[in-house]
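*Asks:* Sharing a structure here in structure tokens format.
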Amino acid sequence: MSKIGVFVCHCGENISSTVDCEKVAATVGKYDGVAFSVDYKYMCSDPGQSIIKNAIAEKGLTGVVVAACSPRMHEPTFRKVCAEAGLNPYMCEMANLREHCSWVHEKGEATTEKAIDLVRILVEKVKYNQSLNSIKVPVTKTALVIGGGIAGIQASLDIANTGHKVILIEKDPSIGGHMSQLSETFPTLDCSQCILTPRMVEVAQHPNITLYTYAELESLEGFIGNFKAKIRKKSKSLDEKLCTGCGLCTTKCPTKKIPSEFNEGLGNRTAIYVPFPQAVPNKPVIDRIHCTYYTKGKCKICEKVCPTGAIRFDQEDQIVEVEVGAIVVATGFAVKRPDFFPEYGYGKYADVITGLQFERLASASGPTLGEIRRPSDGKIPEKIVFLACAGSRDPAKGIPYCSKICCMYIAKHAMLYQHKVHSGKSYVFYMDIRAGGKMYEEFVRRAIEDDGVNYIRGRVSKIYEKNGKLIVSGVDTLLNAMPVEIEADMVVLATAGVANEGAEELAQKLHISYDPYKFFAEAHPKLKPVETNTGGIFLAGSCQAPRDIPESVAMASGAAVKVAGLFSQDELTREPIIAVVNRQAAPVYSSCVGCFLCVSACPYQAIEKEEIKNRTGDLIKSIAKVNPGLCQGCGTCVAFCRTKSIDIQGYTHEQMYSEVMALLNEY
Amino acid sequence: MVDLIKRAKELIETSAVRVVIGYEQGIGNKTRALFVEKAEDAGKLIFDSRCVQNLAVYITKKEIKEKGKMAIAATLPVMRSIIQLASEFQVNDNNLLVLGITAESKLIEFANLVEVETFVHQYQIEIDARNKEMLDKLGKMTQAERWKFWIDELAPCFKCYACRAACPMCYCHRCTVDFNQPQWIPVPSHELGNLEWHIMRAMHLTGRCIDCDACYNACPLSIPINLLTKKMLEDAKEHFGGYQPSLKGDHLMSTYKPDDKENFIH
Ligand SMILES: Cc1cc2nc3c(=O)[nH]c(=O)nc-3n(C[C@H](O)[C@H](O)[C@H](O)COP(=O)(O)OP(=O)(O)OC[C@H]3O[C@@H](n4cnc5c(N)ncnc54)[C@H](O)[C@@H]3O)c2cc1C
Ligand code: SF4
Ligand code: SF4
């Protein structure tokens, strides 16, 4: 016979202002199997906890129901109280009278009745509860970092410096990400490469970091502390050990007219190429789509000129399997490109360019060696117009959010232009200037006041060409929507920052969630900004939303601390809320018929086949078996099993049934 | 069916198989299952248009499996069932030889289940015109009308479980209705209990049922319970692109896919 104790909490007045807690305690106290029932102002307080402990000792309780707030809030608290009083913690359940009742209903009879129902359900459930023990799993103390932009670089270095191993994978031939393409950076105007390159080199040289460039995640299995990742190392057509990075091949390759990704199409590269001079690693890859040998079957000039014989035309992609305990996703973002802005003539007029292209023009290592020249004829533009919010904050374009970085980099671009073209005139069309950040507002003021950039508040409706000039036509909303027309030589669009192509597939591989714009979703917008909803997987940088460099770096360090925290333990303790396939005595062994439909249904690959053999080793029966390390307790298999052979511990069929019946039956 | 008789005799005589499952003449104009274990019984085998029972129901039975390797005279629906059962690990090449019977009543002996699968995949599962019409009619009803239709149809069901016994996919040793701790599906035959049983049956067959109508043919009251499974077949096609039983075991309803859009949930 159960001896259940019920402890009804007022939660100050959170519950008691609408629920008659005394009545709940008194009514439930009369139910079968309830040996003790009491209400108290704060059950979670020290005196409240003592009431529970004393009752367990004095009444010899076999189960406890705490009727209070959400189990997400205090289930661990009350389970610990029970454990301290000598009761198995899993004999304790919580009825959520606050979020599920008092907060959502008015004061009244019915509200108290509902509270009584909620408690009764749990009383009936606890009658079927069984003692459970938590599960311990080992932690693999190696981290996987996906994406080698500034966020991935910072996370890798921070984790590696705590003494743990890091595997960093980058899909491009070099690490660096967008930051490597930038000229100078707001708000200090320091040279991007100059502050980034030392960190890239540090990554390459760090004894705790293994770097795989030109590599992507193929698949991921497992769970926090125990992931198994397959990495696809795309073929570089190169023996990296032999290659010395002399670069002779890249000078001799006859296929020279391939638009350079690094220069945003403003310059060319060869088929065998290193994306930029400071690349890490500084060794080439062959782009098989454009290489003459792969497309036409003849050439192999690079092989002939290579002094160390490092070229490998027959090299295949390689799959590397690694075991890691935590993952930091730092795959960054993308910017909107051509044909998204037909009204601005992008793609039609060579001198309408994106912000990222402007970075390349302004960069000392760029195609114009840092001189601002028009892509069409190489002339220095005398009048330049910058358009903020190109695509951003435009629900009609499907991007209602603010891309956040553009206001700042536009100010930077205009400033850089004024520094380089003293006689030039620059205009910025903006909706609002968003310069929240340390030294940010001052930076924008400097552009306007010291460098004479003309800021016009208003939107541009169209851009068209007339007599070799780009006519930018819009309105000035500060002057009563007065039409403005500027005859510009060049226009720069601050195109919206968006999620990477393929972000969705990656999220699915990792089992993490994403928002409607395909940016990866943090576990809590305020309190868990670098965690995902999947244990052991963290986010850093602009894969979560458009972010500037300081924010990306801060997030990366935050994620690194989370990883280091995880790695500070040798074992993780997991809740025993997992599925179990029943076992019975011979000759039945289990009610499982071995159809193994649960195996394919399990999202975590946690179900295996188990063969039951007799003494002579003959197979008697194959049945399903759940791996307690992998099971996440989602319950999918339970729903699928036609023979009802699987139960979730803590949520068994009998427990669920008794809850439903407690609600349906009259008391 | 001279070919079938000859081949069955050979198989038993050479001990290639221990039992051949086929049809024989039953009482009146009915046919019934025959289990040939002795060569002289092979002569009783028949095959004609009356032979519609799905014989695949026997190949998962303990009593038959225990005899040793089985051969089975299999029409298209039986072959489909066999492939589904193989994908659920209930039969395999080591314990089953398939003697296929084509629509033209020709015998083809398959070397293995892969060959059976190839044969089966030549034909799509199609709902016949009469039932299709009925489904459309049901689809056009209001919710209240449809509810009444099913309550009325299912009311006389007295839970003899003949439908379950006739279905090759109902091979579980413990059916959900037999699970009594707790008894989710009520045993007595009352309005709600009957409805629960039949809905559960249809759910468990979704993505697995190969539309052989064995359940309907077995029902002593001729309740059109096959309309439920047929409706699920249609829905499976509409929402998930349909299915064919396949040895690969990419089970339509029970394969976790990260890219599952779940856009059927409204
Ligand atoms: C025009 C422009 C100017 C800017 N100017 C400034 C500035 O002045 N100051 C400032 O603070 N910020 C500036 N920013 C913002 C800055 O670029 C970002 O804050 C920064 O690049 C974010 O770093 P990240 O590592 O998060 O992402 P990214 O730089 O995008 O790096 C992501 C990396 O991950 C890799 N990757 C992507 N997918 C995968 C995958 N599936 N597998 C493996 N690898 C993958 C990518 O190849 C890339 O190397 C500017 C941005 C733009 C567009
Ligand atoms: S084979 Fe020829 S085209 Fe290809 S990378 Fe080498 S040199 Fe360039
Ligand atoms: S020529 Fe050979 S050694 Fe030199 S960079 Fe090219 S591949 Fe490397």
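Labels used: A, B, ... for chains in the order of the structure tokens, numbers from 1 for residues in each chain, and numbers from 1 for ligands as shown.
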Considering only C-alpha atoms, return as a list in words whatever protein or nucleic-acid residues lie within 6 Å of B:Leu99, sequence-local ones (same chain, fewer than 2 positions apart) excluded.

*Replies:*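 Near neighbours after the sequence-gap exclusion: Ile72, Ala73, Ala74, Ile108 and Glu109 of chain B.
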
*Asks:* Please run DSSP on the backbone and report, as JSON, numbers by chain, all residues within stretch 122-251 of chain B that come out as helix (DSSP H, G or I).

*Replies:* {"B": [129, 130, 131, 132, 133, 134, 135, 136, 137, 138, 139, 140, 143, 144, 145, 146, 147, 148, 149, 150, 151, 152, 153, 154, 162, 163, 164, 165, 166, 176, 177, 178, 191, 192, 193, 194, 195, 196, 197, 198, 199, 200, 201, 202, 203, 204, 205, 214, 215, 216, 217, 218, 226, 227, 228, 229, 230, 231, 232, 233, 234, 235, 236, 237, 238, 239, 240]}

*Asks:* Define the interface residues of chain A facing chain B as those within 12 Å, counting only C-alpha atoms, and report them as a count of residues only.

*Replies:* 59

*Asks:* Just want the 10 Å neighbourhood of B:Leu228, counted on only C-alpha atoms, with same-chain residues fewer than 5 positions away dropped. Output as a list in words.

*Replies:*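 In the requested form, the answer reads Leu135, Trp150, His198, Ile199, Arg201, Ala202, Met203, Leu205, Thr206, Leu233 and Glu234 of chain B.
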
*Asks:* Taking only C-alpha atoms and all ligand atoms into account, which of A:Asp314, A:Asp158, A:Asp39, A:Glu571 comes nearest ligand 2?

*Replies:* A:Asp314

*Asks:* Compute the set of protein, DNA and RNA residues whose minimum atom distance to ligand 2 is at most 6 Å, using only C-alpha atoms and all ligand atoms, and state it as a PDB file with C-alpha atoms, in the first residue's frame.

*Replies:*
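Saved file part.pdb follows:
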ATOM      1  CA  CYS A 253      48.321  27.398 -64.520  1.00  0.00           C
ATOM      2  CA  PRO A 254      46.883  28.423 -67.912  1.00  0.00           C
ATOM      3  CA  THR A 255      43.282  28.673 -66.644  1.00  0.00           C
ATOM      4  CA  ALA A 271      42.353  26.777 -61.377  1.00  0.00           C
ATOM      5  CA  ILE A 272      45.030  25.701 -58.931  1.00  0.00           C
ATOM      6  CA  ILE A 286      42.707  22.454 -57.616  1.00  0.00           C
ATOM      7  CA  CYS A 291      40.656  22.914 -64.199  1.00  0.00           C
ATOM      8  CA  THR A 292      41.486  22.146 -67.852  1.00  0.00           C
ATOM      9  CA  TYR A 293      42.663  18.662 -66.997  1.00  0.00           C
ATOM     10  CA  CYS A 299      47.012  19.861 -69.312  1.00  0.00           C
ATOM     11  CA  LYS A 300      48.738  18.713 -66.092  1.00  0.00           C
ATOM     12  CA  ILE A 301      51.070  21.735 -66.315  1.00  0.00           C
ATOM     13  CA  CYS A 302      51.030  22.136 -62.533  1.00  0.00           C
TER      14      CYS A 302
END

*Asks:* I want to know what sits within 7 Å of A:Lys518, based on only C-alpha atoms, with residues of the same chain fewer than 3 positions away left out; could you give that as JSON, numbers by chain?

*Replies:* {"A": [499, 503, 504, 514, 515]}

*Asks:* At what distance in Å, to one decimal, does atom CA of A:Glu371 lie from atom CA of A:Tyr430?

*Replies:*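 Computing the Euclidean distance for atom CA of A:Tyr430 and atom CA of A:Glu371 yields 25.2 Å.
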
*Asks:* What's the 12 Å shell around A:Cys21, counting only C-alpha atoms, without same-chain residues fewer than 6 positions away, as a ChimeraX atom specification?

*Replies:* /A:6-15,27-28,37-42,67-68,97-98,101-102,107-109,111-116,119

*Asks:* Distance limit 7 Å, reference ligand 3, atoms considered: only C-alpha atoms and all ligand atoms. Which residues make the cut? Give them as number ranges by chain.

*Replies:* A: 238, 242-250, 283-284, 302, 305-311

*Asks:* Which chains and residue numbers are within 6 Å of ligand 1, counting only C-alpha atoms and all ligand atoms, if I want them as a PyMOL selection string?

*Replies:* chain A and resi 146-152+169-172+175-179+184-186+216+330-333+355-356+409+541-543+547-550+552

*Asks:* Tell me, which residues of stretch 488-556 of chain A carry DSSP strand (DSSP E or B), written as a list in words?

*Replies:* Ala488, Met490, Val491, Val492, Leu493, Ala494, Thr495, Gly497, Val498, Ala499, Tyr514, Phe520, His524, Lys528, Glu531, Ile537, Phe538 and Leu539 of chain A

*Asks:* Take the residues from that selection and put them in a file with all heavy atoms, as a tab-separated table (two decimals), in the first residue's frame.

*Replies:*
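Now in result-v7.tsv:
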chain	number	residue	atom	x	y	z
A	488	ALA	N	25.52	59.69	-59.66
A	488	ALA	CA	26.67	59.08	-59.01
A	488	ALA	C	27.55	58.35	-60.01
A	488	ALA	O	27.11	57.98	-61.10
A	488	ALA	CB	26.20	58.12	-57.94
A	490	MET	N	29.35	55.72	-58.73
A	490	MET	CA	29.38	54.37	-58.18
A	490	MET	C	28.37	54.29	-57.04
A	490	MET	O	28.14	55.27	-56.33
A	490	MET	CB	30.79	54.10	-57.67
A	490	MET	CG	31.03	52.71	-57.21
A	490	MET	SD	32.82	52.38	-57.37
A	490	MET	CE	33.12	51.67	-55.82
A	491	VAL	N	27.73	53.10	-56.89
A	491	VAL	CA	26.76	52.90	-55.81
A	491	VAL	C	27.13	51.64	-55.06
A	491	VAL	O	27.45	50.61	-55.67
A	491	VAL	CB	25.32	52.77	-56.37
A	491	VAL	CG1	24.32	52.54	-55.24
A	491	VAL	CG2	24.94	54.01	-57.17
A	492	VAL	N	27.10	51.74	-53.73
A	492	VAL	CA	27.43	50.58	-52.90
A	492	VAL	C	26.19	50.18	-52.10
A	492	VAL	O	25.60	51.00	-51.41
A	492	VAL	CB	28.59	50.90	-51.93
A	492	VAL	CG1	28.96	49.65	-51.13
A	492	VAL	CG2	29.80	51.43	-52.70
A	493	LEU	N	25.79	48.92	-52.25
A	493	LEU	CA	24.61	48.43	-51.54
A	493	LEU	C	25.03	47.68	-50.29
A	493	LEU	O	25.83	46.74	-50.37
A	493	LEU	CB	23.81	47.47	-52.42
A	493	LEU	CG	23.39	47.93	-53.80
A	493	LEU	CD1	22.62	46.81	-54.52
A	493	LEU	CD2	22.55	49.19	-53.72
A	494	ALA	N	24.48	48.07	-49.15
A	494	ALA	CA	24.72	47.31	-47.92
A	494	ALA	C	23.73	46.17	-47.90
A	494	ALA	O	22.66	46.26	-47.31
A	494	ALA	CB	24.56	48.21	-46.72
A	495	THR	N	24.07	45.11	-48.60
A	495	THR	CA	23.10	44.02	-48.79
A	495	THR	C	22.92	43.22	-47.50
A	495	THR	O	23.85	43.04	-46.73
A	495	THR	CB	23.51	43.09	-49.94
A	495	THR	OG1	24.77	42.52	-49.61
A	495	THR	CG2	23.65	43.85	-51.24
A	497	GLY	N	22.50	40.72	-44.50
A	497	GLY	CA	23.21	39.54	-44.01
A	497	GLY	C	22.21	38.42	-43.82
A	497	GLY	O	21.19	38.60	-43.17
A	498	VAL	N	22.48	37.28	-44.43
A	498	VAL	CA	21.53	36.17	-44.37
A	498	VAL	C	22.26	34.89	-43.96
A	498	VAL	O	23.47	34.85	-43.90
A	498	VAL	CB	20.84	35.94	-45.74
A	498	VAL	CG1	19.95	37.11	-46.09
A	498	VAL	CG2	21.87	35.71	-46.84
A	499	ALA	N	21.46	33.85	-43.69
A	499	ALA	CA	22.05	32.57	-43.31
A	499	ALA	C	22.76	31.96	-44.52
A	499	ALA	O	22.41	32.22	-45.67
A	499	ALA	CB	20.97	31.63	-42.80
A	514	TYR	N	16.64	25.90	-35.90
A	514	TYR	CA	16.96	27.14	-36.57
A	514	TYR	C	15.72	28.01	-36.63
A	514	TYR	O	14.61	27.54	-36.51
A	514	TYR	CB	17.55	26.90	-37.96
A	514	TYR	CG	16.82	25.89	-38.80
A	514	TYR	CD1	15.79	26.26	-39.65
A	514	TYR	CD2	17.17	24.54	-38.74
A	514	TYR	CE1	15.12	25.32	-40.42
A	514	TYR	CE2	16.51	23.60	-39.50
A	514	TYR	CZ	15.49	23.99	-40.34
A	514	TYR	OH	14.83	23.05	-41.09
A	520	PHE	N	20.84	29.68	-36.87
A	520	PHE	CA	20.71	28.65	-35.84
A	520	PHE	C	20.12	29.25	-34.57
A	520	PHE	O	20.42	30.39	-34.21
A	520	PHE	CB	22.07	28.00	-35.57
A	520	PHE	CG	22.67	27.39	-36.80
A	520	PHE	CD1	24.03	27.46	-37.05
A	520	PHE	CD2	21.86	26.74	-37.73
A	520	PHE	CE1	24.57	26.92	-38.21
A	520	PHE	CE2	22.39	26.19	-38.89
A	520	PHE	CZ	23.75	26.29	-39.12
A	524	HIS	N	18.12	29.89	-25.31
A	524	HIS	CA	17.32	30.92	-24.66
A	524	HIS	C	17.85	32.27	-25.14
A	524	HIS	O	19.05	32.50	-25.10
A	524	HIS	CB	17.41	30.80	-23.13
A	524	HIS	CG	16.44	31.69	-22.41
A	524	HIS	ND1	16.65	33.05	-22.28
A	524	HIS	CD2	15.26	31.42	-21.82
A	524	HIS	CE1	15.62	33.57	-21.61
A	524	HIS	NE2	14.77	32.61	-21.33
A	528	LYS	N	20.64	31.82	-22.43
A	528	LYS	CA	21.49	30.78	-23.02
A	528	LYS	C	21.83	31.12	-24.46
A	528	LYS	O	21.44	30.42	-25.39
A	528	LYS	CB	20.77	29.42	-22.95
A	528	LYS	CG	20.64	28.89	-21.54
A	528	LYS	CD	20.01	27.52	-21.55
A	528	LYS	CE	20.04	26.94	-20.15
A	528	LYS	NZ	19.42	25.61	-20.11
A	531	GLU	N	24.22	28.40	-26.17
A	531	GLU	CA	23.81	27.00	-26.14
A	531	GLU	C	22.78	26.74	-27.24
A	531	GLU	O	22.07	27.65	-27.64
A	531	GLU	CB	23.18	26.65	-24.79
A	531	GLU	CG	24.15	26.56	-23.64
A	531	GLU	CD	24.23	27.86	-22.85
A	531	GLU	OE1	24.07	28.94	-23.46
A	531	GLU	OE2	24.46	27.79	-21.64
A	537	ILE	N	26.18	20.95	-27.94
A	537	ILE	CA	26.41	21.70	-29.18
A	537	ILE	C	26.19	23.19	-28.90
A	537	ILE	O	25.15	23.58	-28.38
A	537	ILE	CB	25.51	21.21	-30.33
A	537	ILE	CG1	25.73	19.71	-30.54
A	537	ILE	CG2	25.81	21.99	-31.61
A	537	ILE	CD1	25.06	19.13	-31.76
A	538	PHE	N	27.20	24.00	-29.23
A	538	PHE	CA	27.17	25.42	-28.91
A	538	PHE	C	27.30	26.26	-30.18
A	538	PHE	O	27.74	25.77	-31.21
A	538	PHE	CB	28.29	25.75	-27.93
A	538	PHE	CG	28.25	24.89	-26.69
A	538	PHE	CD1	29.05	23.76	-26.58
A	538	PHE	CD2	27.37	25.19	-25.66
A	538	PHE	CE1	28.97	22.95	-25.45
A	538	PHE	CE2	27.29	24.39	-24.53
A	538	PHE	CZ	28.10	23.26	-24.42
A	539	LEU	N	26.93	27.54	-30.07
A	539	LEU	CA	26.98	28.44	-31.23
A	539	LEU	C	27.96	29.58	-30.98
A	539	LEU	O	28.08	30.06	-29.85
A	539	LEU	CB	25.60	29.07	-31.48
A	539	LEU	CG	24.43	28.13	-31.72
A	539	LEU	CD1	23.14	28.94	-31.84
A	539	LEU	CD2	24.66	27.31	-32.98

*Asks:* Tell me, as a count of residues only, which residues lie within 10 Å of stretch 275-279 of chain A, counting only C-alpha atoms; anything in the same chain fewer than 3 positions away does not count.

*Replies:* 27

*Asks:* Quick one: distance from atom CA of A:Ser392 to atom CA of A:Lys526 in Å, one decimal?

*Replies:* 23.3 Å

*Asks:* Need the shell around stretch 398-405 of chain A: protein/DNA/RNA residues with any atom at most 6 Å away, counting only C-alpha atoms. Skip same-chain ones fewer than 2 positions apart. Format as a PyMOL selection string?

*Replies:* chain A and resi 392-396+407-408+496-497+546+548
